[in-house]
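Undergrad: Questions regarding the structure given below will be posed in turn.
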Amino acid sequence: MTDKTNKTEHPSDTSSDIEVLVCATCRQGQDIPDGEMRPGEQLFVSLKSAQLPPNISIKPVKCLSNCSKGCTVAFRSPQRWTYVYGNLNVSDGPAIITDGVSKYQNAADGVVPWRERPEHLRKNCIARIPPIEDLHD
C-alpha cells in the first residue's frame with residue numbers, strides 16, 4: 001500500500017491540509033482468501049484516482065477497529081474535529097467520501113452542518129473527536 005497525496009502548495013496555509021485515513025485492511029465481514037485484495041484496500045485504490053480537492057491526502061491505515069461496520073474512513077486535520085465514518089463500499093464510497101471531505105474542507109472547524117453532509121455520512125458517523133488543541137484550553 002502506498003499513499004497518494006493530492007496537494008497543491010499553499011505554504012502559508014498548512015492548517016488546511018486534510019487527511020483521509022482509509023482502513024485498508026477491512027474485510028467488510030467477508031472471508032478473503034490470502035493474496036486477494038480486501039475491500040478496504042480496494043476502496044483506498046479507488047480513492048487514489050478520485051478527483052479530490054487540493055490539500056487532501058489519502059492514507060492507508062492498518063485497522064480503524066470498526067470491523068462490524070464495513071469499510072471505514074476518518075477525516076482529520078489540525079485544529080478541526082475528526083470524523084470517523086463507516087459502512088462504505090468500493091462502488092459508491094469514493095463519490096461519498098469526495099463529497100464529504102470537500103464539505104469538511106470548507107468548514108473552518110471541520111463541523112459540517114448535519115443537513116449538508118452526504119446522506120450516507122449522516123447515517124454512518126461512528127465517532128466525532130474534538131481537536132487536540134481544544135483539550136488543552
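So you can find residues: chains in the C-alpha cells are A, B, ... in the order shown, residues in each start at 1, and ligands are numbered from 1 in order.
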I'd like the contact shell of Glu133 in chain A - 12 Å cut-off, only C-alpha atoms, skipping same-chain residues fewer than 4 positions apart - returned as an MDAnalysis selection string.

TA: chainID A and resid 77:81 109 129 137

Undergrad: Mind checking DSSP for range 19-60 of chain A and telling me the strand (DSSP E or B) residues as a PyMOL selection string?

TA: chain A and resi 19-23+56-60

Undergrad: For the residues in the current selection, export N, CA and C atoms as an mmCIF file, in the first residue's frame.

TA:
```cif
data_model
loop_
_atom_site.group_PDB
_atom_site.id
_atom_site.type_symbol
_atom_site.label_atom_id
_atom_site.label_comp_id
_atom_site.auth_asym_id
_atom_site.auth_seq_id
_atom_site.Cartn_x
_atom_site.Cartn_y
_atom_site.Cartn_z
ATOM 1 N N GLU A 19 -6.298 14.970 5.992
ATOM 2 C CA GLU A 19 -6.012 13.571 5.715
ATOM 3 C C GLU A 19 -7.311 12.777 5.726
ATOM 4 N N VAL A 20 -7.431 11.897 4.753
ATOM 5 C CA VAL A 20 -8.490 10.899 4.753
ATOM 6 C C VAL A 20 -7.788 9.581 5.029
ATOM 7 N N LEU A 21 -8.036 9.030 6.194
ATOM 8 C CA LEU A 21 -7.458 7.746 6.577
ATOM 9 C C LEU A 21 -8.421 6.649 6.146
ATOM 10 N N VAL A 22 -7.917 5.660 5.444
ATOM 11 C CA VAL A 22 -8.747 4.572 4.934
ATOM 12 C C VAL A 22 -8.285 3.274 5.578
ATOM 13 N N CYS A 23 -9.209 2.568 6.210
ATOM 14 C CA CYS A 23 -8.884 1.272 6.781
ATOM 15 C C CYS A 23 -8.670 0.292 5.631
ATOM 16 N N ILE A 56 -5.757 17.626 0.056
ATOM 17 C CA ILE A 56 -6.341 16.419 0.645
ATOM 18 C C ILE A 56 -5.380 15.269 0.361
ATOM 19 N N SER A 57 -5.005 14.532 1.404
ATOM 20 C CA SER A 57 -4.160 13.356 1.195
ATOM 21 C C SER A 57 -4.916 12.115 1.650
ATOM 22 N N ILE A 58 -4.718 11.049 0.906
ATOM 23 C CA ILE A 58 -5.338 9.756 1.204
ATOM 24 C C ILE A 58 -4.257 8.869 1.797
ATOM 25 N N LYS A 59 -4.521 8.317 2.975
ATOM 26 C CA LYS A 59 -3.514 7.486 3.644
ATOM 27 C C LYS A 59 -4.132 6.168 4.090
ATOM 28 N N PRO A 60 -3.502 5.057 3.747
ATOM 29 C CA PRO A 60 -3.997 3.773 4.236
ATOM 30 C C PRO A 60 -3.555 3.558 5.680
#
```

Undergrad: Any idea what's packed within 7 Å of range 90-94 of chain A, counting only C-alpha atoms, ignoring anything in its chain fewer than 5 positions away? Could you give it as a ChimeraX atom specification?

TA: /A:39,42-43,46-47,50

Undergrad: Write a file of the just-selected residues containing N, CA and C atoms, as an mmCIF file, in the first residue's frame.

TA:
```
data_model
loop_
_atom_site.group_PDB
_atom_site.id
_atom_site.type_symbol
_atom_site.label_atom_id
_atom_site.label_comp_id
_atom_site.auth_asym_id
_atom_site.auth_seq_id
_atom_site.Cartn_x
_atom_site.Cartn_y
_atom_site.Cartn_z
ATOM 1 N N PRO A 39 -11.653 -5.462 0.616
ATOM 2 C CA PRO A 39 -12.488 -4.319 0.254
ATOM 3 C C PRO A 39 -11.900 -2.974 0.699
ATOM 4 N N GLN A 42 -9.291 -2.030 -1.719
ATOM 5 C CA GLN A 42 -9.944 -1.638 -2.973
ATOM 6 C C GLN A 42 -10.483 -0.203 -2.870
ATOM 7 N N LEU A 43 -11.066 0.134 -1.731
ATOM 8 C CA LEU A 43 -11.561 1.497 -1.525
ATOM 9 C C LEU A 43 -10.409 2.490 -1.570
ATOM 10 N N SER A 46 -9.307 2.971 -5.149
ATOM 11 C CA SER A 46 -10.292 3.795 -5.864
ATOM 12 C C SER A 46 -10.161 5.270 -5.504
ATOM 13 N N LEU A 47 -9.926 5.547 -4.227
ATOM 14 C CA LEU A 47 -9.788 6.946 -3.791
ATOM 15 C C LEU A 47 -8.528 7.593 -4.352
ATOM 16 N N ALA A 50 -9.486 9.250 -7.443
ATOM 17 C CA ALA A 50 -10.626 10.178 -7.377
ATOM 18 C C ALA A 50 -10.155 11.622 -7.559
#
```

Undergrad: My list of candidates is A:Asp17, A:Leu52, A:Val111, A:Ser65. Which is closest to Ile96 in chain A when distances are computed with only C-alpha atoms?

TA: A:Leu52

Undergrad: I need the residue nearest Gly110 in chain A from this list: A:Thr98, A:Gly70, A:Thr82, A:Ala24. Use only C-alpha atoms for the distance.

TA: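 For Gly110 in chain A, the nearest of the given residues is A:Thr82.
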
Undergrad: From the set A:Ala107, A:Val101, A:Ile18, A:Cys67, which residue has the shortest atom-to-atom contact distance to Gln30 in chain A, counting only C-alpha atoms?

TA: A:Cys67

Undergrad: List every residue of range 68-126 of chain A that DSSP, applied to the backbone of this structure, places in alpha helix (DSSP H), and write the result as a ChimeraX atom specification.

TA: /A:93-106,119-123

Undergrad: Between CA of Ser102 in chain A and CA of Ala74 in chain A, what distance in Å does the model show, to one decimal?

TA: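 Interatomic distance, CA of Ser102 in chain A to CA of Ala74 in chain A: 13.4 Å.
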
Undergrad: Identify which of the residues A:Glu36, A:Gln28, A:Arg76, A:Asn66 lies closest to Ile132 in chain A, counting only C-alpha atoms when measuring atom-to-atom distances.

TA: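 Using only C-alpha atoms, Ile132 in chain A sits closest to A:Arg76.
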
Undergrad: Mind giving me the straight-line distance from CA of Pro130 in chain A to CA of Glu41 in chain A in Å, one decimal?

TA: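 Rounded to one decimal, the two atoms are 27.4 Å apart.
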
Undergrad: What is the distance between CA of Gly40 in chain A and CA of Ala95 in chain A, in Å to one decimal?

TA: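 About the pair CA of Gly40 in chain A and CA of Ala95 in chain A: they are 15.2 Å apart.
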
Undergrad: Just want the 9 Å neighbourhood of Gly86 in chain A, counted on only C-alpha atoms, with same-chain residues fewer than 5 positions away dropped. Output as a ChimeraX atom specification.

TA: /A:66,69-74,121,124-126

Undergrad: Give me a file of those residues, with C-alpha atoms, as a compact mmCIF listing (two decimals), in the first residue's frame.

TA:
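Contents of out-v1.txt, freshly written:
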```
# COMPACT_ATOMS: atom_id res chain seq x y z
CA ASN A 66 -14.73 -0.78 13.20
CA LYS A 69 -19.46 -1.57 10.27
CA GLY A 70 -17.94 -2.13 6.83
CA CYS A 71 -15.19 -0.04 5.25
CA THR A 72 -14.23 2.87 7.45
CA VAL A 73 -12.54 6.22 6.88
CA ALA A 74 -11.59 9.16 9.05
CA LEU A 121 -22.33 10.16 6.19
CA ASN A 124 -22.97 6.29 9.38
CA CYS A 125 -20.95 8.56 11.65
CA ILE A 126 -19.07 6.26 14.01
```

Undergrad: With only C-alpha atoms as the atoms that count, which of A:Arg38, A:Gly100, A:Leu135, A:Ala127 lies nearest to Arg115 in chain A?

TA: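 The closest residue to Arg115 in chain A is A:Gly100.
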